[in-house]
$ cat protein.cif   # mmCIF, C-alpha atoms and all ligand atoms
data_final
#
loop_
_atom_site.label_atom_id
_atom_site.label_comp_id
_atom_site.auth_asym_id
_atom_site.auth_seq_id
_atom_site.Cartn_x
_atom_site.Cartn_y
_atom_site.Cartn_z
CA MET A 1 122.21 88.92 113.02
CA ASN A 2 120.11 92.10 113.41
CA LEU A 3 117.80 92.43 116.36
CA ALA A 4 114.13 93.39 116.64
CA VAL A 5 112.62 94.15 120.04
CA HIS A 6 108.85 93.71 119.89
CA PHE A 7 106.50 94.78 122.70
CA GLY A 8 103.42 92.51 122.92
CA ALA A 9 103.91 88.77 122.41
CA GLY A 10 100.21 88.29 121.67
CA ASN A 11 98.36 87.37 118.52
CA ILE A 12 99.73 90.04 116.19
CA GLY A 13 103.14 90.04 117.87
CA ARG A 14 103.80 86.33 117.45
CA GLY A 15 101.47 85.68 114.51
CA PHE A 16 102.47 88.58 112.28
CA ILE A 17 105.13 91.19 113.12
CA GLY A 18 107.53 89.00 115.12
CA ALA A 19 107.11 86.25 112.54
CA LEU A 20 108.04 88.57 109.65
CA PHE A 21 111.17 89.75 111.49
CA SER A 22 112.21 86.17 112.18
CA GLN A 23 111.63 85.20 108.55
CA SER A 24 113.83 88.15 107.57
CA ASP A 25 116.70 86.75 109.66
CA TYR A 26 116.28 89.02 112.64
CA GLN A 27 116.68 87.77 116.17
CA VAL A 28 113.41 88.68 117.89
CA ILE A 29 113.09 89.57 121.56
CA PHE A 30 109.44 89.74 122.62
CA VAL A 31 108.66 91.95 125.61
CA ASP A 32 105.47 91.18 127.50
CA ILE A 33 103.98 90.93 130.97
CA ALA A 34 102.62 87.41 130.42
CA ASP A 35 105.08 85.20 132.30
CA ASP A 36 103.87 81.94 130.79
CA ILE A 37 104.49 83.20 127.24
CA ILE A 38 107.93 84.62 128.14
CA GLN A 39 108.99 81.39 129.83
CA GLN A 40 107.89 79.30 126.87
CA LEU A 41 109.64 81.57 124.38
CA ASN A 42 112.86 81.17 126.36
CA SER A 43 112.61 77.43 126.79
CA LYS A 44 111.29 76.43 123.34
CA LYS A 45 112.92 79.25 121.31
CA ARG A 46 110.50 78.55 118.47
CA TYR A 47 106.82 78.25 117.63
CA ASN A 48 104.59 77.63 114.63
CA VAL A 49 102.42 80.04 112.72
CA LYS A 50 99.53 77.98 111.35
CA LEU A 51 97.59 79.20 108.36
CA ALA A 52 93.79 79.12 108.60
CA THR A 53 93.33 77.19 105.36
CA ASP A 54 92.08 73.71 104.43
CA GLY A 55 95.69 72.52 104.39
CA GLN A 56 96.62 74.25 107.71
CA GLU A 57 100.19 74.89 106.53
CA ASN A 58 102.76 75.50 109.28
CA ILE A 59 105.59 78.04 109.30
CA THR A 60 108.23 77.55 112.00
CA ILE A 61 109.40 80.78 113.62
CA GLU A 62 112.88 80.62 115.13
CA ASN A 63 115.45 82.87 116.86
CA VAL A 64 112.90 84.14 119.35
CA SER A 65 113.15 84.81 123.07
CA GLY A 66 111.28 86.83 125.67
CA LEU A 67 111.67 89.41 128.43
CA ASN A 68 109.19 90.50 131.08
CA ASN A 69 109.06 94.31 131.13
CA MET A 70 107.79 94.38 134.72
CA LYS A 71 110.55 92.11 136.04
CA GLN A 72 113.49 92.53 133.65
CA GLU A 73 113.78 96.27 133.08
CA GLU A 74 117.57 96.25 132.84
CA GLN A 75 117.60 93.53 130.19
CA VAL A 76 114.95 95.38 128.16
CA ILE A 77 117.02 98.59 128.36
CA GLU A 78 120.09 96.64 127.22
CA ALA A 79 118.16 95.13 124.30
CA ILE A 80 116.85 98.54 123.22
CA GLY A 81 120.49 99.68 123.26
CA ARG A 82 121.44 97.33 120.44
CA THR A 83 118.24 96.70 118.46
CA THR A 84 117.61 97.89 114.90
CA TYR A 85 113.80 97.91 115.20
CA LEU A 86 111.54 98.52 118.17
CA THR A 87 107.95 97.60 117.36
CA THR A 88 104.73 97.25 119.35
CA ALA A 89 101.42 95.38 118.98
CA ILE A 90 100.04 95.81 122.41
CA GLY A 91 96.84 97.86 122.06
CA PRO A 92 96.68 101.68 121.73
CA ASN A 93 95.65 102.12 125.38
CA ILE A 94 98.78 100.34 126.63
CA LEU A 95 101.26 102.54 124.72
CA PRO A 96 101.50 105.18 127.52
CA HIS A 97 102.36 102.42 130.00
CA ILE A 98 105.34 101.02 128.07
CA ALA A 99 106.68 104.46 127.04
CA PRO A 100 108.65 105.17 130.25
CA LEU A 101 110.72 101.99 129.87
CA ILE A 102 111.30 102.65 126.16
CA ALA A 103 112.41 106.19 127.09
CA LYS A 104 114.93 104.74 129.56
CA GLY A 105 116.21 102.40 126.86
CA ILE A 106 116.58 105.24 124.36
CA THR A 107 118.30 107.46 126.95
CA GLU A 108 120.96 104.80 127.54
CA ARG A 109 121.24 103.86 123.89
CA VAL A 110 122.02 107.31 122.50
CA LYS A 111 124.98 107.61 124.89
CA THR A 112 126.92 104.85 123.16
CA ASN A 113 125.18 103.68 119.99
CA SER A 114 125.15 106.00 116.98
CA GLU A 115 123.19 103.55 114.79
CA ARG A 116 119.67 104.63 114.01
CA LEU A 117 116.76 103.04 115.89
CA TYR A 118 113.49 102.52 113.99
CA VAL A 119 110.32 102.63 116.10
CA ILE A 120 106.98 101.44 114.70
CA ALA A 121 103.70 101.02 116.60
CA CYS A 122 101.63 98.32 114.87
CA GLU A 123 98.20 99.09 116.29
CA ASN A 124 94.72 99.65 114.87
CA GLN A 125 94.96 103.39 115.32
CA ILE A 126 95.69 106.29 113.01
CA SER A 127 99.12 107.81 113.87
CA ALA A 128 99.81 105.26 116.63
CA THR A 129 103.58 105.79 116.33
CA ASP A 130 103.15 109.56 116.67
CA PHE A 131 101.22 108.96 119.90
CA LEU A 132 103.91 106.57 121.12
CA LYS A 133 106.59 109.13 120.25
CA ASP A 134 104.79 111.78 122.33
CA TYR A 135 104.51 109.42 125.31
CA ILE A 136 108.22 108.55 125.01
CA VAL A 137 109.36 112.15 124.62
CA GLU A 138 107.38 113.13 127.77
CA ASN A 139 109.67 110.71 129.62
CA LEU A 140 113.00 111.94 128.23
CA ASP A 141 115.33 114.45 129.87
CA GLU A 142 116.11 117.67 128.00
CA GLU A 143 119.54 116.49 126.90
CA THR A 144 118.23 113.28 125.33
CA LYS A 145 115.35 115.14 123.67
CA LYS A 146 117.95 117.28 121.86
CA VAL A 147 119.89 114.33 120.44
CA ILE A 148 117.19 111.87 119.38
CA ASP A 149 116.41 113.60 116.08
CA GLY A 150 118.11 111.57 113.41
CA LYS A 151 119.08 108.85 115.88
CA VAL A 152 115.56 107.55 116.41
CA LEU A 153 113.13 107.40 113.51
CA PHE A 154 109.43 107.09 114.39
CA LEU A 155 107.41 105.57 111.56
CA ASN A 156 103.63 105.26 111.34
CA SER A 157 102.16 102.06 109.97
CA ALA A 158 99.02 100.12 109.11
CA VAL A 159 98.73 96.43 109.97
CA ASP A 160 96.22 94.07 108.44
CA ARG A 161 95.99 90.39 109.31
CA ILE A 162 93.17 88.66 111.14
CA VAL A 163 94.59 86.75 114.08
CA PRO A 164 91.73 85.40 116.22
CA MET A 165 91.75 84.35 119.85
CA GLN A 166 93.81 81.20 120.17
CA HIS A 167 92.24 78.06 121.60
CA ASN A 168 95.47 76.23 122.37
CA GLN A 169 96.19 76.99 126.02
CA GLY A 170 99.81 76.35 126.86
CA SER A 171 101.08 76.52 123.29
CA LEU A 172 102.96 79.36 121.58
CA ASP A 173 101.58 78.40 118.19
CA VAL A 174 99.34 80.96 116.50
CA LEU A 175 96.56 80.45 113.96
CA VAL A 176 96.43 83.30 111.43
CA GLU A 177 94.68 84.03 108.14
CA PRO A 178 97.02 83.64 105.14
CA TYR A 179 96.53 87.25 104.01
CA TYR A 180 98.60 90.07 105.47
CA GLU A 181 99.57 93.64 104.74
CA TRP A 182 102.06 95.75 106.73
CA VAL A 183 102.44 99.26 105.33
CA VAL A 184 105.03 101.63 106.81
CA GLU A 185 105.38 105.32 106.04
CA ALA A 186 109.01 106.20 105.36
CA ARG A 187 110.57 108.85 103.17
CA GLU A 188 114.01 107.28 103.15
CA GLU A 189 115.47 103.82 102.91
CA ILE A 190 115.07 101.71 106.04
CA PRO A 191 116.47 98.23 106.85
CA SER A 192 114.52 95.71 104.84
CA VAL A 193 111.99 93.36 106.37
CA GLU A 194 110.27 90.73 104.26
CA GLY A 195 106.60 91.60 103.80
CA MET A 196 106.94 95.25 104.87
CA LYS A 197 105.63 97.66 102.24
CA ILE A 198 107.08 101.18 102.31
CA VAL A 199 104.97 104.17 101.21
CA SER A 200 105.61 107.90 101.34
CA ASP A 201 102.06 108.77 102.47
CA LEU A 202 100.24 106.36 104.77
CA ALA A 203 96.93 108.24 105.00
CA PRO A 204 95.13 106.53 102.08
CA TYR A 205 96.36 103.10 103.18
CA ILE A 206 95.45 103.35 106.84
CA GLU A 207 92.10 105.03 106.21
CA ARG A 208 91.19 102.49 103.52
CA LYS A 209 92.11 99.66 105.88
CA LEU A 210 90.58 101.06 109.07
CA PHE A 211 87.35 102.20 107.41
CA THR A 212 86.89 99.00 105.41
CA VAL A 213 88.42 96.04 107.27
CA ASN A 214 87.84 97.37 110.76
CA THR A 215 84.53 99.15 110.09
CA GLY A 216 83.14 96.07 108.33
CA HIS A 217 84.39 93.76 111.06
CA ALA A 218 82.90 95.97 113.77
CA VAL A 219 79.49 96.01 112.03
CA ILE A 220 79.46 92.20 111.89
CA ALA A 221 80.62 91.91 115.51
CA TYR A 222 78.06 94.30 116.99
CA LEU A 223 75.11 93.10 114.89
CA GLY A 224 76.21 89.51 115.43
CA TYR A 225 76.35 90.09 119.17
CA LEU A 226 72.82 91.53 119.14
CA LYS A 227 71.60 88.48 117.23
CA ASN A 228 73.37 86.02 119.56
CA LYS A 229 75.88 84.86 116.95
CA ALA A 230 79.07 83.46 118.44
CA THR A 231 81.47 83.96 115.55
CA ILE A 232 82.04 86.33 112.64
CA HIS A 233 81.48 83.69 109.95
CA GLU A 234 78.26 82.56 111.65
CA ALA A 235 77.06 86.18 111.78
CA LEU A 236 77.81 86.58 108.06
CA ASN A 237 75.53 83.64 107.27
CA ASP A 238 72.69 85.93 108.37
CA ASN A 239 71.62 87.81 105.24
CA THR A 240 70.44 90.89 107.13
CA ILE A 241 73.90 91.26 108.66
CA LEU A 242 75.63 90.61 105.33
CA GLU A 243 73.47 93.28 103.66
CA GLN A 244 74.19 95.71 106.48
CA VAL A 245 77.96 95.20 106.08
CA HIS A 246 77.68 95.90 102.36
CA ALA A 247 75.54 99.00 102.98
CA THR A 248 77.94 100.37 105.61
CA LEU A 249 81.04 99.73 103.49
CA ALA A 250 79.30 101.44 100.58
CA GLU A 251 79.14 104.55 102.81
CA THR A 252 82.79 104.40 103.93
CA GLY A 253 83.70 103.54 100.33
CA ALA A 254 81.95 106.63 98.95
CA TYR A 255 83.93 108.78 101.41
CA LEU A 256 87.27 107.05 100.65
CA ILE A 257 86.75 107.22 96.88
CA LYS A 258 85.99 110.95 97.10
CA ARG A 259 88.74 111.75 99.62
CA TYR A 260 91.56 109.80 97.94
CA ASN A 261 90.32 109.74 94.37
CA LEU A 262 90.20 105.93 94.39
CA ASP A 263 88.98 103.90 91.44
CA ALA A 264 85.42 102.88 92.35
CA THR A 265 85.61 99.45 90.70
CA GLU A 266 88.91 98.63 92.38
CA HIS A 267 87.57 99.76 95.73
CA GLN A 268 84.50 97.55 95.32
CA GLN A 269 86.83 94.61 94.61
CA TYR A 270 88.78 95.47 97.77
CA ILE A 271 85.51 95.40 99.79
CA GLU A 272 84.49 92.03 98.33
CA LYS A 273 87.90 90.55 99.05
CA ILE A 274 87.68 91.67 102.65
CA ILE A 275 84.21 90.24 103.15
CA GLU A 276 85.52 86.93 101.77
CA ARG A 277 88.34 87.08 104.37
CA PHE A 278 85.76 87.59 107.12
CA LYS A 279 83.93 84.43 105.94
CA ASN A 280 86.95 82.21 106.71
CA ALA A 281 85.38 79.61 109.05
CA HIS A 282 88.81 78.19 109.98
CA LEU A 283 89.43 81.38 111.98
CA ASN A 284 86.51 80.70 114.32
CA ASP A 285 86.78 84.37 115.28
CA VAL A 286 84.40 85.26 118.11
CA VAL A 287 82.29 88.43 117.87
CA THR A 288 83.37 89.46 121.38
CA ARG A 289 87.04 89.69 120.28
CA VAL A 290 86.24 91.74 117.20
CA GLY A 291 83.89 94.01 119.17
CA ARG A 292 86.26 94.29 122.18
CA SER A 293 86.94 97.68 123.79
CA PRO A 294 83.83 99.48 122.47
CA ILE A 295 84.79 102.80 124.10
CA ARG A 296 88.00 102.85 122.04
CA LYS A 297 86.14 101.74 118.92
CA LEU A 298 83.53 104.50 119.41
CA GLY A 299 86.24 107.17 119.69
CA PRO A 300 86.03 110.23 117.40
CA ASN A 301 88.95 109.06 115.26
CA ASP A 302 88.13 105.39 115.14
CA ARG A 303 86.41 103.08 112.63
CA LEU A 304 82.77 104.08 113.12
CA VAL A 305 82.48 107.72 114.17
CA ARG A 306 85.29 109.17 112.04
CA PRO A 307 83.94 107.94 108.68
CA ALA A 308 80.43 109.05 109.68
CA LEU A 309 81.71 112.54 110.50
CA GLU A 310 83.79 112.69 107.32
CA ALA A 311 80.82 111.54 105.22
CA ALA A 312 78.58 114.15 106.86
CA LYS A 313 81.11 116.91 106.11
CA VAL A 314 80.89 116.24 102.36
CA ASN A 315 77.16 115.53 102.29
CA LEU A 316 77.48 111.78 101.83
CA SER A 317 75.20 109.25 103.48
CA TYR A 318 76.06 107.90 106.92
CA VAL A 319 72.70 106.29 107.74
CA ASN A 320 74.20 102.81 108.06
CA LEU A 321 77.22 104.03 110.03
CA ALA A 322 74.74 105.58 112.48
CA LYS A 323 73.10 102.15 112.81
CA ALA A 324 76.48 100.57 113.43
CA ILE A 325 77.30 103.12 116.14
CA ALA A 326 73.90 102.49 117.74
CA SER A 327 74.53 98.74 117.77
CA ALA A 328 78.01 99.24 119.29
CA LEU A 329 76.35 101.18 122.11
CA HIS A 330 74.36 98.03 122.90
CA PHE A 331 77.48 95.83 123.16
CA ASN A 332 77.20 94.43 126.65
CA ASP A 333 79.83 91.70 127.00
CA GLU A 334 80.24 91.26 130.74
CA ASN A 335 83.84 90.04 130.29
CA ASP A 336 84.88 93.24 128.54
CA PRO A 337 85.73 96.02 131.03
CA GLU A 338 85.05 98.77 128.46
CA ALA A 339 81.65 97.29 127.57
CA VAL A 340 80.73 97.17 131.24
CA LYS A 341 81.90 100.78 131.72
CA LEU A 342 80.01 101.93 128.63
CA GLN A 343 76.73 100.41 129.83
CA ILE A 344 77.14 102.04 133.25
CA MET A 345 77.86 105.39 131.58
CA ILE A 346 74.73 105.10 129.42
CA LYS A 347 72.63 104.25 132.46
CA GLU A 348 74.04 107.01 134.64
CA LYS A 349 74.57 109.85 132.15
CA GLY A 350 72.22 109.08 129.28
CA LEU A 351 72.93 108.46 125.63
CA GLN A 352 73.39 112.05 124.53
CA ALA A 353 76.09 112.67 127.15
CA VAL A 354 77.88 109.42 126.23
CA LEU A 355 77.84 110.30 122.53
CA ASN A 356 79.42 113.59 123.46
CA GLU A 357 81.99 112.24 125.92
CA VAL A 358 82.98 109.01 124.15
CA CYS A 359 82.40 109.85 120.48
CA GLY A 360 83.04 113.60 120.60
CA LEU A 361 79.66 114.30 118.95
CA ASP A 362 77.75 117.54 119.50
CA LYS A 363 74.69 116.96 121.63
CA ASN A 364 72.28 118.53 119.17
CA SER A 365 73.88 117.43 115.92
CA GLU A 366 71.97 115.53 113.27
CA ILE A 367 74.29 112.55 113.63
CA THR A 368 73.61 112.36 117.37
CA GLN A 369 69.87 112.41 116.72
CA LYS A 370 70.16 109.67 114.07
CA ILE A 371 72.19 107.43 116.41
CA ILE A 372 69.71 107.92 119.25
CA ARG A 373 66.78 107.02 116.98
CA ASN A 374 68.58 103.84 115.88
CA TYR A 375 69.57 103.01 119.44
CA LYS A 376 65.93 103.19 120.55
CA ALA A 377 64.79 101.15 117.55
CA ILE A 378 67.20 98.39 118.60
CA SER A 379 65.98 98.64 122.20
CA VAL A 380 62.45 97.89 121.11
CA LYS A 381 63.78 95.05 118.92
CA GLU A 382 62.75 96.52 115.56
CA ASP A 383 64.49 94.78 112.69
CA PHE A 384 67.34 96.55 110.92
N1 LIG A 401 94.46 90.39 116.30
C1 LIG A 401 94.35 90.99 115.15
O1 LIG A 401 93.82 90.41 114.20
C2 LIG A 401 94.86 92.37 114.92
C3 LIG A 401 95.22 93.22 115.93
N2 LIG A 401 95.73 94.44 115.64
C4 LIG A 401 96.18 95.33 116.69
O2 LIG A 401 97.36 94.77 117.28
C5 LIG A 401 97.41 95.14 118.65
C6 LIG A 401 97.55 93.86 119.48
O3 LIG A 401 96.41 93.07 119.26
P1 LIG A 401 96.44 91.51 119.56
O4 LIG A 401 97.74 90.94 119.22
O5 LIG A 401 95.22 90.93 118.92
O6 LIG A 401 96.23 91.51 121.14
P2 LIG A 401 96.69 90.41 122.19
O7 LIG A 401 95.86 90.64 123.38
O8 LIG A 401 96.70 89.06 121.57
O9 LIG A 401 98.21 90.80 122.50
C7 LIG A 401 98.58 91.89 123.29
C8 LIG A 401 99.76 91.47 124.15
O10 LIG A 401 100.18 92.61 124.89
C9 LIG A 401 100.53 92.18 126.18
N3 LIG A 401 100.46 93.31 127.12
C10 LIG A 401 99.38 93.92 127.62
N4 LIG A 401 99.73 94.91 128.46
C11 LIG A 401 101.08 94.93 128.49
C12 LIG A 401 102.05 95.73 129.15
N5 LIG A 401 101.70 96.72 129.96
N6 LIG A 401 103.35 95.44 128.93
C13 LIG A 401 103.74 94.44 128.11
N7 LIG A 401 102.86 93.66 127.45
C14 LIG A 401 101.55 93.89 127.64
C15 LIG A 401 99.55 91.07 126.52
O11 LIG A 401 100.04 90.24 127.55
C16 LIG A 401 99.44 90.37 125.16
O12 LIG A 401 100.37 89.32 125.06
C17 LIG A 401 96.12 95.93 118.92
O13 LIG A 401 96.38 97.30 118.78
C18 LIG A 401 95.19 95.48 117.81
O14 LIG A 401 94.23 96.44 117.49
C19 LIG A 401 95.88 94.90 114.38
C20 LIG A 401 95.55 94.11 113.33
C21 LIG A 401 95.03 92.78 113.53
O1 LIG A 402 92.12 94.85 117.28
P1 LIG A 402 90.97 95.79 117.54
O2 LIG A 402 91.25 97.20 117.17
O3 LIG A 402 90.35 95.63 118.88
O4 LIG A 402 89.82 95.38 116.59
C1 LIG A 402 89.64 94.14 116.09
C2 LIG A 402 89.90 94.36 114.68
O5 LIG A 402 91.26 94.28 114.33
C3 LIG A 402 91.50 93.12 113.67
O6 LIG A 402 91.94 92.32 114.68
C4 LIG A 402 92.44 93.08 112.52
O7 LIG A 402 92.54 94.20 111.76
C5 LIG A 402 90.22 92.75 113.09
O8 LIG A 402 90.06 91.42 113.33
C6 LIG A 402 89.20 93.59 113.76
O9 LIG A 402 88.61 94.41 112.81
#
$ encode --input "protein.cif" --output "structure tokens" --more "lines below"
Ligand SMILES: NC(=O)C1=CN([C@@H]2O[C@H](COP(=O)(O)OP(=O)(O)OC[C@H]3O[C@@H](n4cnc5c(N)ncnc54)[C@H](O)[C@@H]3O)[C@@H](O)[C@H]2O)C=CC1
Ligand SMILES: O=P(O)(O)OC[C@H]1O[C@](O)(CO)[C@@H](O)[C@@H]1O
Amino acid sequence: MNLAVHFGAGNIGRGFIGALFSQSDYQVIFVDIADDIIQQLNSKKRYNVKLATDGQENITIENVSGLNNMKQEEQVIEAIGRTTYLTTAIGPNILPHIAPLIAKGITERVKTNSERLYVIACENQISATDFLKDYIVENLDEETKKVIDGKVLFLNSAVDRIVPMQHNQGSLDVLVEPYYEWVVEAREEIPSVEGMKIVSDLAPYIERKLFTVNTGHAVIAYLGYLKNKATIHEALNDNTILEQVHATLAETGAYLIKRYNLDATEHQQYIEKIIERFKNAHLNDVVTRVGRSPIRKLGPNDRLVRPALEAAKVNLSYVNLAKAIASALHFNDENDPEAVKLQIMIKEKGLQAVLNEVCGLDKNSEITQKIIRNYKAISVKEDF
């Protein structure tokens, strides 16, 4: 049986990527710092993926176990030595922290194992695997750096499945939406995994996904938060929010259609399908999860600022994206360390400096001015 070593036994790890490997007859070793999850994986050796549908169908996931990367380094290195795939779903900010251990594993592996290792970061970030590769390579000695080409293949990917926060403390089971898409960029044949779609150019797929699914979701989360809505589906019942999502996705859509020569009717259908996915009340997806880590989400290459900048470059509208960015700047969830940090930054440095530092926007640019105007309008509780 082939092996997959997956870093991050959280929602996407167990509910999506690990599950697909298991269903494709791989043995799956999850690597995580959460002791309770690791212990349960090792004692139960199985869990259920539950579909968020009226019927709540169950899929049993087997051949799984766990390792704690803080406490079981040697075992993780040994597993990397014999795995076919090494995947992550851990959050883009955590990738630099797991890279040193992966580098140790690769260093040992290439001494004895000539089989190719396939590395894929499954994160909501453009070129996440390239970033992971850079972090790993920084931790390799010169000799290993010379031999990894051809022995380790780093593949970028886009992952799309809504897996909300789980409300089943003490259980490994994961509630997921039925829909999923896992697209991997590869220019040669790679070992097959059920549900993995291979493409030669990921850019249109990841941009379409990030600037539709994730932009739309972020708009609902931040506007929903401002209007005291607890969940995404509750927020979408508010017509002003629904209209704002449509208006914002029309802006990202115009950019995507122009950039990738997409069929406008098909893209509109894609948008509608995604909004229907967001409406799934079985997911009970809280706005604070979807809006989490606002500093990351306001980054220059992320779901809000990047499409606004791209739209501006080709003279397309970004009025509604500017509103979305302004509402993200108001996200003030006290349980979210990035939200707390962002609010302190705004207080101490002012909005213009934050837009420059966090979003990479020029202080005097038109987009900065538009965001500031919208930010102030929200502050004085004008309607959107
Ligand atoms: N939940 C979702 O619907 C989707 C999430 N994603 C992306 O997947 C990634 C993971 O997201 P989720 O599964 O939702 O998060 P999660 O919080 O459920 O899972 C992350 C896991 O990583 C573990 N972890 C954190 N730091 C670690 C470290 N230093 N070493 C080892 N393990 C560590 C945590 O204990 C947790 O089990 C993120 O990049 C997210 O953007 C992408 C598509 C959908
Ligand atoms: O996982 P992130 O990047 O924090 O953002 C949450 C977003 O990712 C998803 O979890 C899935 O793509 C969406 O639910 C949401 O748009």
$ atom_distance --input "protein.cif" --atom1 "atom CA of A:Thr83" --atom2 "atom CA of A:Val184"
18.3 Å
$ closest_residue --input "protein.cif" --among "A:Ile12, A:Leu262, A:Leu41, A:Ala52" --to "ligand LIG 402 (chain A)" --atoms "only C-alpha atoms and all ligand atoms"
A:Ile12
$ closest_atom_pairs --input "protein.cif" --of "chain A" --to "ligand LIG 401 (chain A)" --cutoff "7 Å" --atoms "all atoms listed in the file" --output "tab-separated table"
residue	atom	partner	partner_atom	distance
A:Phe7	CA	A:LIG401	C13	6.1
A:Gly8	CA	A:LIG401	O10	3.8
A:Ala9	CA	A:LIG401	O12	4.5
A:Gly10	CA	A:LIG401	O9	3.3
A:Asn11	CA	A:LIG401	O4	3.7
A:Ile12	CA	A:LIG401	O4	3.7
A:Gly13	CA	A:LIG401	O4	5.6
A:Val31	CA	A:LIG401	C13	6.1
A:Asp32	CA	A:LIG401	N7	3.6
A:Ile33	CA	A:LIG401	C13	4.5
A:Ala34	CA	A:LIG401	O11	4.8
A:Asn69	CA	A:LIG401	C13	6.1
A:Ala89	CA	A:LIG401	C5	4.0
A:Ile90	CA	A:LIG401	O10	4.1
A:Gly91	CA	A:LIG401	O13	3.4
A:Pro92	CA	A:LIG401	O13	5.3
A:Ile94	CA	A:LIG401	N5	5.7
A:His97	CA	A:LIG401	N5	5.7
A:Ile98	CA	A:LIG401	N5	5.9
A:Cys122	CA	A:LIG401	O2	6.1
A:Glu123	CA	A:LIG401	O13	3.6
A:Asn124	CA	A:LIG401	O14	4.2
A:Val159	CA	A:LIG401	C20	5.2
A:Asp160	CA	A:LIG401	C20	4.9
A:Arg161	CA	A:LIG401	C21	4.9
A:Ile162	CA	A:LIG401	O1	3.6
A:Val163	CA	A:LIG401	O1	3.7
A:Pro164	CA	A:LIG401	N1	5.7
$ closest_residue --input "protein.cif" --among "A:Val213, A:Ala128, A:Val110, A:Ile120" --to "ligand LIG 402 (chain A)" --atoms "all atoms listed in the file"
A:Val213
$ closest_residue --input "protein.cif" --among "A:Asn58, A:Ser157, A:Thr265, A:Gln125" --to "ligand LIG 402 (chain A)" --atoms "all atoms listed in the file"
A:Gln125
$ residues_near_point --input "protein.cif" --point "(88.7, 83.8, 101.8)" --cutoff "12 Å" --atoms "only C-alpha atoms" --output "list in words"
Leu51, Ala52, Thr53, Asp54, Ile162, Glu177, Pro178, Tyr179, His233, Glu272, Lys273, Ile274, Ile275, Glu276, Arg277, Phe278, Lys279, Asn280, Ala281, His282 and Leu283 of chain A
$ atom_distance --input "protein.cif" --atom1 "atom CA of A:Ala230" --atom2 "atom CA of A:Gln56"
22.5 Å
$ atom_distance --input "protein.cif" --atom1 "atom O6 of ligand LIG 402 (chain A)" --atom2 "atom CA of A:Asp336"
15.6 Å
$ build_atoms --input "protein.cif" --residues "stretch 277-289 of chain A" --atoms "N, CA and C atoms" --output "PDB file, in the coordinates of the input"
ATOM      1  N   ARG A 277      87.415  87.395 103.258  1.00  0.00           N
ATOM      2  CA  ARG A 277      88.340  87.080 104.370  1.00  0.00           C
ATOM      3  C   ARG A 277      87.554  86.864 105.657  1.00  0.00           C
ATOM      4  N   PHE A 278      86.557  87.710 105.888  1.00  0.00           N
ATOM      5  CA  PHE A 278      85.760  87.590 107.120  1.00  0.00           C
ATOM      6  C   PHE A 278      85.049  86.227 107.182  1.00  0.00           C
ATOM      7  N   LYS A 279      84.724  85.681 105.973  1.00  0.00           N
ATOM      8  CA  LYS A 279      83.930  84.430 105.940  1.00  0.00           C
ATOM      9  C   LYS A 279      84.758  83.201 106.284  1.00  0.00           C
ATOM     10  N   ASN A 280      86.062  83.351 106.462  1.00  0.00           N
ATOM     11  CA  ASN A 280      86.950  82.210 106.710  1.00  0.00           C
ATOM     12  C   ASN A 280      86.553  81.479 108.019  1.00  0.00           C
ATOM     13  N   ALA A 281      85.899  80.329 107.864  1.00  0.00           N
ATOM     14  CA  ALA A 281      85.380  79.610 109.050  1.00  0.00           C
ATOM     15  C   ALA A 281      86.506  78.985 109.867  1.00  0.00           C
ATOM     16  N   HIS A 282      87.674  78.769 109.233  1.00  0.00           N
ATOM     17  CA  HIS A 282      88.810  78.190 109.980  1.00  0.00           C
ATOM     18  C   HIS A 282      89.250  79.119 111.112  1.00  0.00           C
ATOM     19  N   LEU A 283      88.967  80.415 110.961  1.00  0.00           N
ATOM     20  CA  LEU A 283      89.430  81.380 111.980  1.00  0.00           C
ATOM     21  C   LEU A 283      88.629  81.263 113.272  1.00  0.00           C
ATOM     22  N   ASN A 284      87.352  80.866 113.134  1.00  0.00           N
ATOM     23  CA  ASN A 284      86.510  80.700 114.320  1.00  0.00           C
ATOM     24  C   ASN A 284      86.627  81.935 115.227  1.00  0.00           C
ATOM     25  N   ASP A 285      86.499  83.097 114.603  1.00  0.00           N
ATOM     26  CA  ASP A 285      86.780  84.370 115.280  1.00  0.00           C
ATOM     27  C   ASP A 285      85.530  84.855 116.019  1.00  0.00           C
ATOM     28  N   VAL A 286      85.615  84.950 117.333  1.00  0.00           N
ATOM     29  CA  VAL A 286      84.400  85.260 118.110  1.00  0.00           C
ATOM     30  C   VAL A 286      84.051  86.755 118.019  1.00  0.00           C
ATOM     31  N   VAL A 287      82.743  87.036 118.021  1.00  0.00           N
ATOM     32  CA  VAL A 287      82.290  88.430 117.870  1.00  0.00           C
ATOM     33  C   VAL A 287      82.758  89.285 119.051  1.00  0.00           C
ATOM     34  N   THR A 288      82.942  88.672 120.209  1.00  0.00           N
ATOM     35  CA  THR A 288      83.370  89.460 121.380  1.00  0.00           C
ATOM     36  C   THR A 288      84.825  89.932 121.236  1.00  0.00           C
ATOM     37  N   ARG A 289      85.676  89.203 120.518  1.00  0.00           N
ATOM     38  CA  ARG A 289      87.040  89.690 120.280  1.00  0.00           C
ATOM     39  C   ARG A 289      86.997  90.873 119.309  1.00  0.00           C
TER      40      ARG A 289
END
